[in-house]
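J.: You'll find input-v2.cif just under this line, and it carries mmCIF, C-alpha atoms.
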```cif
data_input
#
loop_
_atom_site.label_atom_id
_atom_site.label_comp_id
_atom_site.auth_asym_id
_atom_site.auth_seq_id
_atom_site.Cartn_x
_atom_site.Cartn_y
_atom_site.Cartn_z
CA MET L 123 -2.23 -85.98 36.42
CA ALA L 124 -3.33 -83.23 34.06
CA ALA L 125 0.03 -83.12 32.29
CA ASP L 126 -0.25 -86.78 31.37
CA LYS L 127 -3.60 -86.19 29.74
CA VAL L 128 -2.14 -83.84 27.12
CA ASP L 129 -0.05 -85.77 24.66
CA PRO L 130 0.89 -83.53 21.69
CA ILE L 131 1.88 -86.59 19.67
CA HIS L 132 -1.43 -88.38 20.03
CA GLN L 133 -2.99 -86.49 17.11
CA PHE L 134 -0.50 -88.10 14.72
CA HIS L 135 -1.35 -91.66 15.62
CA ILE L 136 -2.70 -93.81 12.88
CA THR L 137 -5.58 -96.01 13.88
CA LYS L 138 -6.97 -98.84 11.79
CA ILE L 139 -10.55 -98.49 10.72
CA LEU L 140 -10.73 -101.53 8.45
CA PRO L 141 -7.79 -103.92 8.93
CA ILE L 142 -6.55 -105.33 5.63
CA GLN L 143 -3.58 -107.64 5.37
CA VAL L 144 -2.07 -108.48 1.97
CA GLY L 145 0.72 -111.02 2.32
CA HIS L 146 2.87 -109.60 5.06
CA TRP L 147 1.92 -106.02 4.13
CA ASP L 148 -0.49 -104.21 6.44
CA VAL L 149 -2.57 -102.05 4.11
CA SER L 150 -5.44 -101.35 6.48
CA PHE L 151 -7.89 -98.57 5.80
CA THR L 152 -6.87 -96.13 8.52
CA ASN L 153 -7.87 -92.68 9.74
CA SER L 154 -5.17 -91.37 7.38
CA SER L 155 -6.77 -93.19 4.43
CA LEU L 156 -10.15 -91.87 5.51
CA PHE L 157 -8.95 -88.29 5.42
CA MET L 158 -7.25 -88.79 2.06
CA ALA L 159 -10.61 -89.94 0.74
CA VAL L 160 -12.32 -86.98 2.43
CA VAL L 161 -9.90 -84.58 0.75
CA VAL L 162 -10.59 -86.12 -2.65
CA ILE L 163 -14.37 -86.17 -2.25
CA LEU L 164 -14.60 -82.72 -0.66
CA THR L 165 -12.39 -81.00 -3.22
CA THR L 166 -13.97 -82.67 -6.23
CA ALA L 167 -17.48 -82.05 -4.93
CA PHE L 168 -16.66 -78.41 -4.24
CA LEU L 169 -15.12 -77.77 -7.64
CA VAL L 170 -17.92 -79.52 -9.49
CA MET L 171 -20.76 -78.00 -7.50
CA ALA L 172 -19.25 -74.50 -7.49
CA THR L 173 -19.12 -74.58 -11.28
CA SER L 174 -22.55 -76.16 -11.78
CA GLY L 175 -23.99 -72.81 -12.81
CA ARG L 176 -21.36 -72.36 -15.54
CA SER L 177 -22.35 -68.71 -15.44
CA VAL L 178 -20.52 -66.07 -17.41
CA VAL L 179 -20.59 -63.78 -14.39
CA PRO L 180 -19.42 -66.07 -11.57
CA GLY L 181 -21.01 -66.36 -8.16
CA ARG L 182 -18.76 -66.41 -5.12
CA TRP L 183 -18.25 -70.18 -5.07
CA GLN L 184 -17.58 -70.36 -8.76
CA LEU L 185 -15.17 -67.47 -8.30
CA VAL L 186 -13.23 -69.45 -5.69
CA ALA L 187 -12.99 -72.40 -8.08
CA GLU L 188 -11.92 -70.15 -10.95
CA MET L 189 -9.41 -68.32 -8.79
CA SER L 190 -7.76 -71.55 -7.67
CA TYR L 191 -7.60 -72.59 -11.32
CA SER L 192 -6.05 -69.34 -12.53
CA PHE L 193 -3.79 -69.12 -9.49
CA VAL L 194 -2.17 -72.48 -10.18
CA ALA L 195 -2.19 -71.90 -13.94
CA ASN L 196 -0.40 -68.56 -13.54
CA THR L 197 2.12 -70.01 -11.10
CA LEU L 198 2.92 -72.82 -13.50
CA ARG L 199 3.04 -70.55 -16.56
CA ASP L 200 5.35 -68.08 -14.82
CA ALA L 201 7.75 -70.79 -13.68
CA ALA L 202 7.72 -73.26 -16.57
CA GLY L 203 6.35 -71.28 -19.49
CA LYS L 204 3.60 -72.18 -21.94
CA SER L 205 4.95 -75.67 -22.57
CA GLY L 206 4.68 -76.40 -18.85
CA MET L 207 0.89 -76.35 -19.11
CA LYS L 208 0.83 -80.04 -20.03
CA PHE L 209 1.59 -80.67 -16.35
CA PHE L 210 -1.25 -78.45 -15.22
CA PRO L 211 -3.53 -81.29 -14.02
CA LEU L 212 -0.67 -82.74 -11.95
CA VAL L 213 0.32 -79.41 -10.41
CA PHE L 214 -3.28 -78.44 -9.75
CA SER L 215 -3.98 -81.83 -8.13
CA LEU L 216 -0.89 -81.51 -5.93
CA PHE L 217 -1.76 -77.98 -4.88
CA MET L 218 -5.39 -78.73 -4.08
CA PHE L 219 -4.60 -82.03 -2.38
CA VAL L 220 -1.97 -80.49 -0.10
CA LEU L 221 -3.95 -77.32 0.53
CA VAL L 222 -7.19 -79.08 1.42
CA ALA L 223 -5.32 -81.67 3.51
CA ASN L 224 -3.53 -78.90 5.41
CA LEU L 225 -6.72 -76.91 5.97
CA LEU L 226 -8.74 -79.96 7.00
CA GLY L 227 -6.04 -80.69 9.55
CA MET L 228 -6.85 -77.35 11.20
CA ILE L 229 -10.27 -78.63 12.25
CA PRO L 230 -10.13 -80.07 15.78
CA TYR L 231 -10.06 -83.88 15.95
CA PHE L 232 -9.29 -84.10 12.25
CA PHE L 233 -6.26 -86.02 11.09
CA THR L 234 -3.56 -84.12 9.18
CA ILE L 235 -2.34 -86.44 6.45
CA THR L 236 0.49 -84.11 5.44
CA SER L 237 1.99 -84.37 8.92
CA HIS L 238 3.33 -87.80 7.96
CA ILE L 239 6.69 -87.81 6.21
CA ILE L 240 5.82 -90.82 4.08
CA VAL L 241 2.89 -88.98 2.48
CA THR L 242 4.83 -85.82 1.69
CA PHE L 243 7.79 -87.92 0.55
CA CYS L 244 5.60 -89.88 -1.87
CA LEU L 245 4.20 -86.64 -3.27
CA ALA L 246 7.73 -85.23 -3.61
CA MET L 247 8.93 -88.42 -5.31
CA LEU L 248 6.00 -88.19 -7.69
CA VAL L 249 7.23 -84.74 -8.69
CA ILE L 250 10.90 -85.74 -8.97
CA LEU L 251 10.15 -88.91 -10.91
CA THR L 252 7.93 -86.95 -13.26
CA VAL L 253 10.78 -84.51 -13.79
CA VAL L 254 13.39 -87.23 -14.36
CA ILE L 255 11.27 -89.49 -16.57
CA TYR L 256 9.85 -86.66 -18.66
CA GLY L 257 13.27 -85.00 -18.89
CA ILE L 258 15.00 -88.14 -20.11
CA TRP L 259 12.15 -89.12 -22.42
CA LYS L 260 12.02 -85.66 -23.96
CA HIS L 261 15.69 -84.69 -24.05
CA GLY L 262 17.52 -88.01 -23.70
CA PHE L 263 21.08 -87.68 -22.51
CA HIS L 264 20.88 -83.91 -22.94
CA PHE L 265 18.73 -83.84 -19.79
CA PHE L 266 21.89 -84.47 -17.73
CA GLY L 267 23.19 -81.13 -19.02
CA LEU L 268 21.13 -79.89 -16.08
CA PHE L 269 24.06 -80.85 -13.87
CA VAL L 270 26.67 -79.06 -15.96
CA PRO L 271 25.96 -75.36 -15.93
CA SER L 272 27.29 -73.49 -18.95
CA GLY L 273 29.85 -70.73 -18.54
CA VAL L 274 31.74 -72.50 -15.75
CA PRO L 275 35.54 -72.80 -16.08
CA ALA L 276 36.56 -76.34 -17.09
CA ALA L 277 38.56 -76.82 -13.91
CA LEU L 278 35.50 -76.21 -11.78
CA ILE L 279 33.11 -78.42 -13.74
CA PRO L 280 33.61 -81.59 -11.67
CA LEU L 281 33.05 -79.70 -8.44
CA VAL L 282 30.04 -77.76 -9.72
CA THR L 283 28.53 -80.89 -11.23
CA MET L 284 28.91 -82.71 -7.93
CA ILE L 285 27.17 -79.86 -6.13
CA GLU L 286 24.40 -79.82 -8.74
CA VAL L 287 23.88 -83.58 -8.41
CA ILE L 288 23.72 -83.37 -4.63
CA SER L 289 21.31 -80.46 -4.78
CA PHE L 290 19.16 -82.38 -7.26
CA LEU L 291 19.12 -85.46 -5.06
CA SER L 292 18.24 -83.42 -2.00
CA ARG L 293 15.21 -81.92 -3.74
CA PRO L 294 12.73 -84.67 -2.85
CA ILE L 295 14.00 -84.62 0.74
CA SER L 296 13.77 -80.86 1.15
CA LEU L 297 10.43 -80.76 -0.64
CA SER L 298 8.89 -83.43 1.58
CA VAL L 299 10.55 -82.48 4.87
CA ARG L 300 9.58 -78.82 4.51
CA LEU L 301 5.89 -79.61 4.26
CA PHE L 302 5.93 -82.44 6.80
CA ALA L 303 7.96 -80.53 9.41
CA ASN L 304 5.85 -77.39 9.08
CA MET L 305 2.63 -79.28 9.61
CA LEU L 306 4.02 -81.46 12.38
CA ALA L 307 5.64 -78.61 14.30
CA GLY L 308 2.65 -76.33 13.93
CA HIS L 309 0.23 -78.93 15.22
CA ILE L 310 2.51 -79.89 18.10
CA THR L 311 2.94 -76.23 19.09
CA LEU L 312 -0.80 -75.70 19.00
CA LYS L 313 -1.34 -78.76 21.14
CA VAL L 314 1.34 -77.76 23.63
CA PHE L 315 -0.16 -74.31 24.14
CA ALA L 316 -3.64 -75.77 24.36
CA GLY L 317 -2.25 -78.20 26.94
CA PHE L 318 -0.92 -75.28 28.99
CA ILE L 319 -4.44 -73.87 29.16
CA VAL L 320 -5.79 -77.15 30.50
CA THR L 321 -2.95 -77.64 32.95
CA LEU L 322 -3.05 -74.08 34.26
CA SER L 323 -6.81 -73.83 34.58
CA ALA L 324 -6.77 -77.04 36.62
CA ALA L 325 -4.56 -75.21 39.18
CA GLY L 326 -7.30 -73.02 40.63
CA ALA L 327 -8.27 -69.36 40.19
CA VAL L 328 -4.73 -68.02 39.69
CA GLY L 329 -4.02 -70.65 37.07
CA MET L 330 -7.34 -69.86 35.42
CA ALA L 331 -6.28 -66.20 35.10
CA GLY L 332 -2.82 -67.20 33.95
CA SER L 333 -4.18 -69.49 31.27
CA ILE L 334 -5.33 -66.42 29.34
CA LEU L 335 -1.76 -66.04 28.05
CA PRO L 336 -1.47 -69.47 26.39
CA LEU L 337 -5.05 -69.05 25.17
CA ALA L 338 -4.11 -65.82 23.39
CA MET L 339 -1.04 -67.61 22.05
CA ALA L 340 -3.13 -70.53 20.84
CA VAL L 341 -5.51 -68.16 19.04
CA ALA L 342 -2.60 -66.35 17.39
CA LEU L 343 -0.97 -69.65 16.47
CA THR L 344 -4.19 -70.86 14.91
CA ALA L 345 -4.19 -67.86 12.60
CA LEU L 346 -0.52 -68.47 11.84
CA GLU L 347 -1.21 -72.13 11.14
CA PHE L 348 -3.90 -71.24 8.60
CA LEU L 349 -1.32 -69.06 6.89
CA VAL L 350 1.25 -71.84 7.03
CA ALA L 351 -1.29 -74.34 5.68
CA PHE L 352 -1.78 -72.19 2.59
CA LEU L 353 1.83 -71.09 2.32
CA GLN L 354 3.24 -74.61 2.44
CA ALA L 355 0.82 -75.78 -0.22
CA TYR L 356 1.90 -72.81 -2.32
CA VAL L 357 5.61 -73.40 -1.71
CA PHE L 358 5.21 -77.05 -2.63
CA THR L 359 3.48 -76.00 -5.85
CA VAL L 360 5.99 -73.33 -6.78
CA LEU L 361 8.93 -75.69 -6.25
CA THR L 362 7.13 -78.35 -8.26
CA CYS L 363 6.73 -75.84 -11.10
CA MET L 364 10.41 -74.90 -10.94
CA TYR L 365 11.52 -78.52 -11.00
CA LEU L 366 9.19 -79.20 -13.93
CA ASN L 367 10.79 -76.25 -15.68
CA ASP L 368 14.11 -78.10 -15.40
CA ALA L 369 12.56 -81.08 -17.13
CA ILE L 370 11.14 -78.94 -19.93
CA HIS L 371 14.15 -76.65 -20.40
CA PRO L 372 17.16 -78.56 -19.05
CA GLY L 373 19.78 -76.12 -20.35
CA HIS L 374 20.97 -73.64 -17.77
CA MET X 1469 -6.45 -76.60 19.03
CA ALA X 1470 -7.69 -80.11 18.63
CA GLU X 1471 -8.18 -82.62 21.36
CA GLN X 1472 -7.10 -80.71 24.41
CA VAL X 1473 -8.29 -83.28 26.87
CA HIS X 1474 -7.82 -86.98 26.60
CA THR X 1475 -9.35 -89.42 28.97
CA THR X 1476 -7.17 -91.76 30.89
CA ALA X 1477 -8.52 -94.54 28.76
CA GLU X 1478 -7.19 -92.83 25.69
CA VAL X 1479 -3.80 -92.41 27.26
CA GLN X 1480 -3.73 -96.11 27.95
CA HIS X 1481 -4.98 -96.76 24.46
CA GLU X 1482 -2.01 -94.76 23.18
CA GLY X 1483 0.22 -96.99 25.17
CA ALA X 1484 -1.07 -99.82 23.03
CA HIS X 1485 0.48 -98.18 19.96
CA SER X 1486 3.97 -99.11 19.04
CA GLY X 1487 6.38 -96.86 20.86
CA ALA X 1488 7.79 -95.17 17.73
CA PHE X 1489 7.04 -91.53 16.91
CA PRO X 1490 3.99 -91.96 14.63
CA PRO X 1491 5.34 -90.19 11.52
CA PHE X 1492 8.42 -92.41 11.62
CA ASP X 1493 6.54 -95.63 12.40
CA SER X 1494 7.38 -97.69 9.32
CA SER X 1495 4.66 -100.25 10.06
CA THR X 1496 2.09 -97.75 8.78
CA PHE X 1497 4.03 -96.83 5.62
CA ALA X 1498 2.64 -99.56 3.36
CA SER X 1499 -0.93 -98.62 4.14
CA GLN X 1500 -0.29 -94.90 3.72
CA ILE X 1501 1.55 -95.34 0.42
CA LEU X 1502 -1.15 -97.59 -0.99
CA TRP X 1503 -4.03 -95.38 0.06
CA LEU X 1504 -2.23 -92.26 -1.04
CA ALA X 1505 -1.65 -93.86 -4.44
CA ILE X 1506 -5.31 -94.84 -4.70
CA THR X 1507 -6.77 -91.54 -3.49
CA PHE X 1508 -4.29 -89.27 -5.25
CA GLY X 1509 -4.58 -91.29 -8.45
CA LEU X 1510 -8.34 -90.95 -8.29
CA PHE X 1511 -7.99 -87.26 -7.44
CA TYR X 1512 -5.72 -86.72 -10.43
CA VAL X 1513 -8.18 -88.42 -12.76
CA LEU X 1514 -11.11 -86.46 -11.32
CA MET X 1515 -9.22 -83.18 -11.69
CA ALA X 1516 -7.86 -83.90 -15.16
CA LYS X 1517 -11.07 -85.34 -16.60
CA VAL X 1518 -13.84 -83.54 -14.72
CA ALA X 1519 -13.00 -80.47 -12.68
CA LEU X 1520 -10.32 -78.76 -14.76
CA PRO X 1521 -12.03 -79.12 -18.18
CA ARG X 1522 -15.15 -77.74 -16.52
CA ILE X 1523 -13.48 -74.65 -15.05
CA GLY X 1524 -11.26 -74.24 -18.09
CA GLY X 1525 -14.35 -74.41 -20.31
CA ILE X 1526 -16.09 -71.73 -18.28
CA LEU X 1527 -13.05 -69.44 -18.44
CA GLU X 1528 -12.65 -70.15 -22.15
CA ALA X 1529 -16.32 -69.44 -22.81
CA ARG X 1530 -16.08 -66.17 -20.92
CA HIS X 1531 -12.96 -65.24 -22.82
CA GLU X 1532 -14.67 -66.00 -26.11
CA LYS X 1533 -17.80 -64.12 -25.15
CA ILE X 1534 -15.82 -61.04 -24.17
CA ALA X 1535 -13.76 -61.25 -27.35
CA ARG X 1536 -16.92 -61.75 -29.42
CA ASP X 1537 -18.70 -58.83 -27.76
CA LEU X 1538 -15.69 -56.60 -28.28
CA GLU X 1539 -15.50 -57.66 -31.90
CA GLU X 1540 -19.21 -56.96 -32.34
CA ALA X 1541 -18.80 -53.54 -30.72
CA ASN X 1542 -15.87 -52.78 -33.00
CA ARG X 1543 -17.86 -53.91 -36.01
CA LEU X 1544 -20.79 -51.69 -35.04
CA LYS X 1545 -18.45 -48.80 -34.46
CA ALA X 1546 -16.87 -49.30 -37.89
CA ASP X 1547 -20.36 -49.55 -39.41
CA SER X 1548 -21.48 -46.28 -37.84
CA GLU X 1549 -18.24 -44.62 -38.89
CA ALA X 1550 -18.75 -45.85 -42.44
CA ALA X 1551 -22.32 -44.57 -42.41
CA GLY X 1552 -21.07 -41.21 -41.19
CA ALA X 1553 -18.43 -41.12 -43.91
CA ALA X 1554 -21.00 -42.10 -46.53
CA TYR X 1555 -23.28 -39.32 -45.33
CA GLU X 1556 -20.44 -36.83 -45.51
CA ALA X 1557 -19.55 -38.04 -48.99
CA ALA X 1558 -23.16 -37.79 -50.17
CA LEU X 1559 -23.42 -34.31 -48.73
CA ALA X 1560 -20.20 -33.21 -50.45
CA GLU X 1561 -21.40 -34.77 -53.70
CA ALA X 1562 -24.72 -32.95 -53.52
CA ARG X 1563 -22.99 -29.70 -52.75
CA LYS X 1564 -20.65 -30.19 -55.67
CA LYS X 1565 -23.55 -31.03 -57.98
CA ALA X 1566 -25.43 -27.94 -56.89
CA ASN X 1567 -22.34 -25.84 -57.56
CA ASP X 1568 -21.94 -27.47 -60.95
CA ILE X 1569 -25.53 -26.80 -61.90
CA ALA X 1570 -25.30 -23.20 -60.74
CA SER X 1571 -22.07 -22.51 -62.58
CA GLY X 1572 -23.26 -24.42 -65.66
CA THR X 1573 -26.42 -22.39 -65.79
CA ARG X 1574 -24.49 -19.21 -65.26
CA SER X 1575 -22.04 -19.91 -68.05
CA ALA X 1576 -24.78 -21.11 -70.41
CA LEU X 1577 -26.72 -17.93 -69.83
CA ALA X 1578 -23.60 -15.83 -70.31
CA ALA X 1579 -22.81 -17.68 -73.52
CA SER X 1580 -26.30 -17.23 -74.92
CA ILE X 1581 -26.28 -13.55 -74.00
CA ASP X 1582 -22.90 -13.20 -75.66
CA ALA X 1583 -24.16 -14.97 -78.77
CA LYS X 1584 -27.22 -12.77 -78.97
CA ARG X 1585 -25.21 -9.63 -78.52
CA HIS X 1586 -22.77 -10.84 -81.12
CA ASP X 1587 -25.65 -11.55 -83.53
CA ALA X 1588 -27.12 -8.16 -82.92
CA GLU X 1589 -23.77 -6.47 -83.45
CA GLN X 1590 -23.24 -8.51 -86.57
CA GLY X 1591 -26.66 -7.49 -87.95
CA LEU X 1592 -26.03 -3.86 -87.13
CA SER X 1593 -22.65 -3.77 -88.84
CA THR X 1594 -24.06 -5.44 -91.98
CA LYS X 1595 -26.82 -2.91 -92.08
CA ILE X 1596 -24.30 -0.09 -91.62
CA ALA X 1597 -22.14 -1.51 -94.43
CA GLU X 1598 -25.19 -1.82 -96.71
CA ALA X 1599 -26.20 1.71 -95.92
CA GLU X 1600 -22.70 2.96 -96.67
CA THR X 1601 -22.58 1.18 -100.03
CA ARG X 1602 -25.97 2.57 -100.89
CA ILE X 1603 -24.82 6.04 -99.91
CA ALA X 1604 -21.71 5.61 -102.05
CA GLU X 1605 -23.82 4.40 -104.98
CA ILE X 1606 -26.19 7.30 -104.59
CA LYS X 1607 -23.27 9.64 -104.30
CA SER X 1608 -21.54 8.35 -107.44
CA LYS X 1609 -24.89 8.29 -109.27
CA ALA X 1610 -25.48 11.86 -108.21
CA LEU X 1611 -22.00 12.80 -109.26
CA ALA X 1612 -22.58 11.17 -112.64
CA GLU X 1613 -25.79 13.09 -112.98
CA VAL X 1614 -23.87 16.26 -112.08
CA ASP X 1615 -21.59 15.49 -115.06
CA GLY X 1616 -24.62 15.10 -117.32
CA ILE X 1617 -26.15 18.31 -116.02
CA ALA X 1618 -22.86 20.12 -116.53
CA VAL X 1619 -22.64 18.85 -120.11
CA ASP X 1620 -26.28 19.78 -120.73
CA THR X 1621 -25.77 23.20 -119.21
CA ALA X 1622 -22.55 23.73 -121.12
CA GLU X 1623 -24.17 22.58 -124.35
CA THR X 1624 -27.10 24.89 -123.84
CA LEU X 1625 -24.81 27.79 -122.92
CA VAL X 1626 -22.52 27.19 -125.86
CA SER X 1627 -25.35 26.83 -128.36
CA SER X 1628 -27.08 29.93 -127.09
CA LEU X 1629 -23.80 31.87 -127.10
CA ILE X 1630 -22.55 30.88 -130.53
CA GLY X 1631 -25.88 30.17 -132.00
CA GLU X 1632 -25.17 26.84 -133.34
CA GLY X 1633 -25.07 23.41 -131.97
CA VAL X 1634 -21.81 21.82 -131.08
CA GLY X 1635 -21.27 18.15 -130.83
CA ARG X 1636 -22.38 16.74 -127.54
CA ASP X 1637 -19.17 14.71 -127.39
CA GLU X 1638 -17.04 17.77 -127.73
CA VAL X 1639 -18.88 19.48 -124.92
CA ALA X 1640 -18.53 16.37 -122.70
CA ALA X 1641 -14.79 16.24 -123.41
CA ALA X 1642 -14.50 19.93 -122.65
CA VAL X 1643 -16.41 19.52 -119.41
CA GLN X 1644 -14.25 16.57 -118.51
CA ALA X 1645 -11.13 18.58 -119.25
CA ALA X 1646 -12.41 21.49 -117.16
CA LYS X 1647 -13.06 19.35 -114.08
#
```
Using C-alpha cells, write down the structure that the file contains.
T.:
Amino acid sequence: MAADKVDPIHQFHITKILPIQVGHWDVSFTNSSLFMAVVVILTTAFLVMATSGRSVVPGRWQLVAEMSYSFVANTLRDAAGKSGMKFFPLVFSLFMFVLVANLLGMIPYFFTITSHIIVTFCLAMLVILTVVIYGIWKHGFHFFGLFVPSGVPAALIPLVTMIEVISFLSRPISLSVRLFANMLAGHITLKVFAGFIVTLSAAGAVGMAGSILPLAMAVALTALEFLVAFLQAYVFTVLTCMYLNDAIHPGH
Amino acid sequence: MAEQVHTTAEVQHEGAHSGAFPPFDSSTFASQILWLAITFGLFYVLMAKVALPRIGGILEARHEKIARDLEEANRLKADSEAAGAAYEAALAEARKKANDIASGTRSALAASIDAKRHDAEQGLSTKIAEAETRIAEIKSKALAEVDGIAVDTAETLVSSLIGEGVGRDEVAAAVQAAK
C-alpha cells in the first residue's frame, strides 16, 4: 500500500554506522554523529576558506563570513553589553552550529540533528550552566538576587521569587523544546505533504491532477522551513544572549 | 521534501527499530550526548581559536585602515590649510612692508623738504637781519655825518657873518641845541 510506504517519522531514526559499546553505554557513531561532524567540518571549512583572501574589500564569500560574525556580535552586544563579548565564541558557535544543522536538514535524505530533543536540550543546558556557573563565580550569592526583583512590595516577594525561580528553571526546557519542536514539526509536515503527492499520484490521472495542491503546499512549506531554520537559530541565539546578560548583570 | 518513497524493505527495516518515537528513544541518548560533546567541543575550539580571530582580525584591520586613511586625509587637509594660511600671512606681511616702505619714503622726503625749506628760510631771515643792521648803521652814520656837516656849515656861516672864528665846540653845542 502506498500509504504504508510514507512514514513521516522514518527520517528521525538513528542508525548506527560504527557500533561502539563502552561498558553498558551504547556510544555508537551514528548518522546523527556523522551530521554533527559534517556541520563542524563544513562550517569551519567555509569560514576559513571564505576568509583566506583576508582582503580589505571583501568578496561575496568573505562578506558572508563577516556578516555572520557581525550579526552575532551585534546581537550579543545589544543584549548583554560590552562585557558580554567574552561569551562571543560560545554564542557564535551555538548560532552557527544550530543554523548549519537546521539548514543541512533541509537537504533531502540528510539527517536533522536538531530534531532530537536530547541534542537541543544539551545545547540549552550548556547555556544555562554557563549562566549559573559564571553568575555564581562572578557575583557569588548576589547572583540569586536575580530571583528577587527590586521594587516589589515585601508581601509579594515570596510569590514573585517563586515565579522567578520557576521561570528560570523552565528556561532550558523552553529553549530546547522550541528548537526541537519546530524542526520536528516542520519536517513531519513536509513529509506528510510530500506523502500526499505520492499517494494521490498513485491513484490515476485524477489523483495526478489533484496532487498539484499538496505539491504547491510542499513548495511553500519548504520556503517556510528555510525561514524557520534561520529564525530558530536566531531565537536560540537571542535567548542565549539574554540569559547571559542575567549572568553578567544579575540585578533587575 | 526528503525521502518521499521508501521501499518495502525499508519499511520492514524500520520495524527492526525499537518502537519508541525516535527523538524520545533514550537508548540513543548516550551516543548523541557523547558525539555532541565531542563535535561541539571541537567546533567551539575551532571557532574560538581559528575562525573568529581570523574574521575579527580582518574586520579590525579594515577598521584600522579606514581610521588611518581618514587620519591621513585629515592631516593632509590640515597641512594644506596651514600652507594656505602661511601664504595669506606672507602676502599680508609683504603688503604691510610695501606700505611701510612707501610711507617711510614719503615721510622722509617730506622731512628733508621741510628741513631744506627751513634752512632756506633761516638763511633768508639772517640775511634780512644783517641787511637791516647795515642799513641802520649806514643811517646812523649818515645822520652823524649830517651833524658834522651842520656844524661845519654853521661854523662857516657864523665865521663869514661875524668875521671871526668861533669855537667849534660852541657851534656844535648850538647845533645840538637847535636840533
J.: To one decimal place, how far is CA of His238 in chain L from CA of Phe134 in chain L in Å?
T.: 7.8 Å
J.: Give me, as a compact mmCIF listing (two decimals) with C-alpha atoms, in the coordinates of the input, the contact residues of chain L against chain X at a cut-off of 7 Å, counting all atoms listed in the file.
T.:
```txt
# COMPACT_ATOMS: atom_id res chain seq x y z
CA LYS L 127 -3.60 -86.19 29.74
CA VAL L 128 -2.14 -83.84 27.12
CA PHE L 134 -0.50 -88.10 14.72
CA HIS L 135 -1.35 -91.66 15.62
CA TRP L 147 1.92 -106.02 4.13
CA ASP L 148 -0.49 -104.21 6.44
CA VAL L 149 -2.57 -102.05 4.11
CA SER L 150 -5.44 -101.35 6.48
CA SER L 155 -6.77 -93.19 4.43
CA MET L 158 -7.25 -88.79 2.06
CA ALA L 159 -10.61 -89.94 0.74
CA VAL L 162 -10.59 -86.12 -2.65
CA THR L 166 -13.97 -82.67 -6.23
CA LEU L 169 -15.12 -77.77 -7.64
CA VAL L 170 -17.92 -79.52 -9.49
CA THR L 173 -19.12 -74.58 -11.28
CA ARG L 176 -21.36 -72.36 -15.54
CA VAL L 178 -20.52 -66.07 -17.41
CA GLU L 188 -11.92 -70.15 -10.95
CA PRO L 211 -3.53 -81.29 -14.02
CA LEU L 212 -0.67 -82.74 -11.95
CA SER L 215 -3.98 -81.83 -8.13
CA PRO L 230 -10.13 -80.07 15.78
CA TYR L 231 -10.06 -83.88 15.95
CA HIS L 238 3.33 -87.80 7.96
CA ILE L 239 6.69 -87.81 6.21
CA ILE L 240 5.82 -90.82 4.08
CA VAL L 241 2.89 -88.98 2.48
CA LEU L 312 -0.80 -75.70 19.00
CA LYS L 313 -1.34 -78.76 21.14
CA ALA L 316 -3.64 -75.77 24.36
CA GLY L 317 -2.25 -78.20 26.94
```
J.: So that all listed atoms of range 1617-1635 of chain X fit with 6 Å spare on each side, what axis-aligned box centre and edge lengths in Å, to one decimal, would you give as lines of an AutoDock Vina configuration file?
T.:
```
center_x = -24.2
center_y = 25.0
center_z = -124.7
size_x = 17.8
size_y = 25.7
size_z = 29.3
```
J.: Between L:Pro336, L:Ile258, L:Val328, L:Val357, which is the closest to Ser298 in chain L once you count all atoms listed in the file?
T.: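 Checking each candidate against Ser298 in chain L, we get L:Val357 as the closest.
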J.: I'd like to see the residues matched by the PyMOL selection byres ((chain X and resi 1614-1628) around 10) on this file, and ideally I'd get them as an MDAnalysis selection string.
T.: chainID X and resid 1608:1613 1629:1644 1647
J.: Find the residues near Ser205 in chain L: any atom within 12 Å, counting all atoms listed in the file, skip ones fewer than 5 places away on the same chain, and give them as a list in words.
T.: Ala195, Leu198, Arg199, Asp200, Phe210, Cys363, Leu366, Asn367, Asp368, Ala369, Ile370 and His371 of chain L
J.: Report the distance between CA of Leu1538 in chain X and CA of Pro180 in chain L in Å, rounded to one decimal place.
T.: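 CA of Leu1538 in chain X sits 19.6 Å away from CA of Pro180 in chain L.
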J.: Evaluating the PyMOL selection byres ((chain L and resi 356) around 12) on the displayed file yields which residues, as an mmCIF file with C-alpha atoms, keeping the file's coordinate frame?
T.:
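See expr05.cif below for the written result:
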```cif
data_model
loop_
_atom_site.group_PDB
_atom_site.id
_atom_site.type_symbol
_atom_site.label_atom_id
_atom_site.label_comp_id
_atom_site.auth_asym_id
_atom_site.auth_seq_id
_atom_site.Cartn_x
_atom_site.Cartn_y
_atom_site.Cartn_z
ATOM 1 C CA SER L 190 -7.760 -71.550 -7.670
ATOM 2 C CA PHE L 193 -3.790 -69.120 -9.490
ATOM 3 C CA VAL L 194 -2.170 -72.480 -10.180
ATOM 4 C CA THR L 197 2.120 -70.010 -11.100
ATOM 5 C CA LEU L 198 2.920 -72.820 -13.500
ATOM 6 C CA VAL L 213 0.320 -79.410 -10.410
ATOM 7 C CA PHE L 214 -3.280 -78.440 -9.750
ATOM 8 C CA LEU L 216 -0.890 -81.510 -5.930
ATOM 9 C CA PHE L 217 -1.760 -77.980 -4.880
ATOM 10 C CA MET L 218 -5.390 -78.730 -4.080
ATOM 11 C CA PHE L 219 -4.600 -82.030 -2.380
ATOM 12 C CA VAL L 220 -1.970 -80.490 -0.100
ATOM 13 C CA LEU L 221 -3.950 -77.320 0.530
ATOM 14 C CA VAL L 222 -7.190 -79.080 1.420
ATOM 15 C CA ASN L 224 -3.530 -78.900 5.410
ATOM 16 C CA LEU L 297 10.430 -80.760 -0.640
ATOM 17 C CA ARG L 300 9.580 -78.820 4.510
ATOM 18 C CA LEU L 301 5.890 -79.610 4.260
ATOM 19 C CA LEU L 349 -1.320 -69.060 6.890
ATOM 20 C CA VAL L 350 1.250 -71.840 7.030
ATOM 21 C CA ALA L 351 -1.290 -74.340 5.680
ATOM 22 C CA PHE L 352 -1.780 -72.190 2.590
ATOM 23 C CA LEU L 353 1.830 -71.090 2.320
ATOM 24 C CA GLN L 354 3.240 -74.610 2.440
ATOM 25 C CA ALA L 355 0.820 -75.780 -0.220
ATOM 26 C CA VAL L 357 5.610 -73.400 -1.710
ATOM 27 C CA PHE L 358 5.210 -77.050 -2.630
ATOM 28 C CA THR L 359 3.480 -76.000 -5.850
ATOM 29 C CA VAL L 360 5.990 -73.330 -6.780
ATOM 30 C CA LEU L 361 8.930 -75.690 -6.250
ATOM 31 C CA THR L 362 7.130 -78.350 -8.260
ATOM 32 C CA CYS L 363 6.730 -75.840 -11.100
#
```
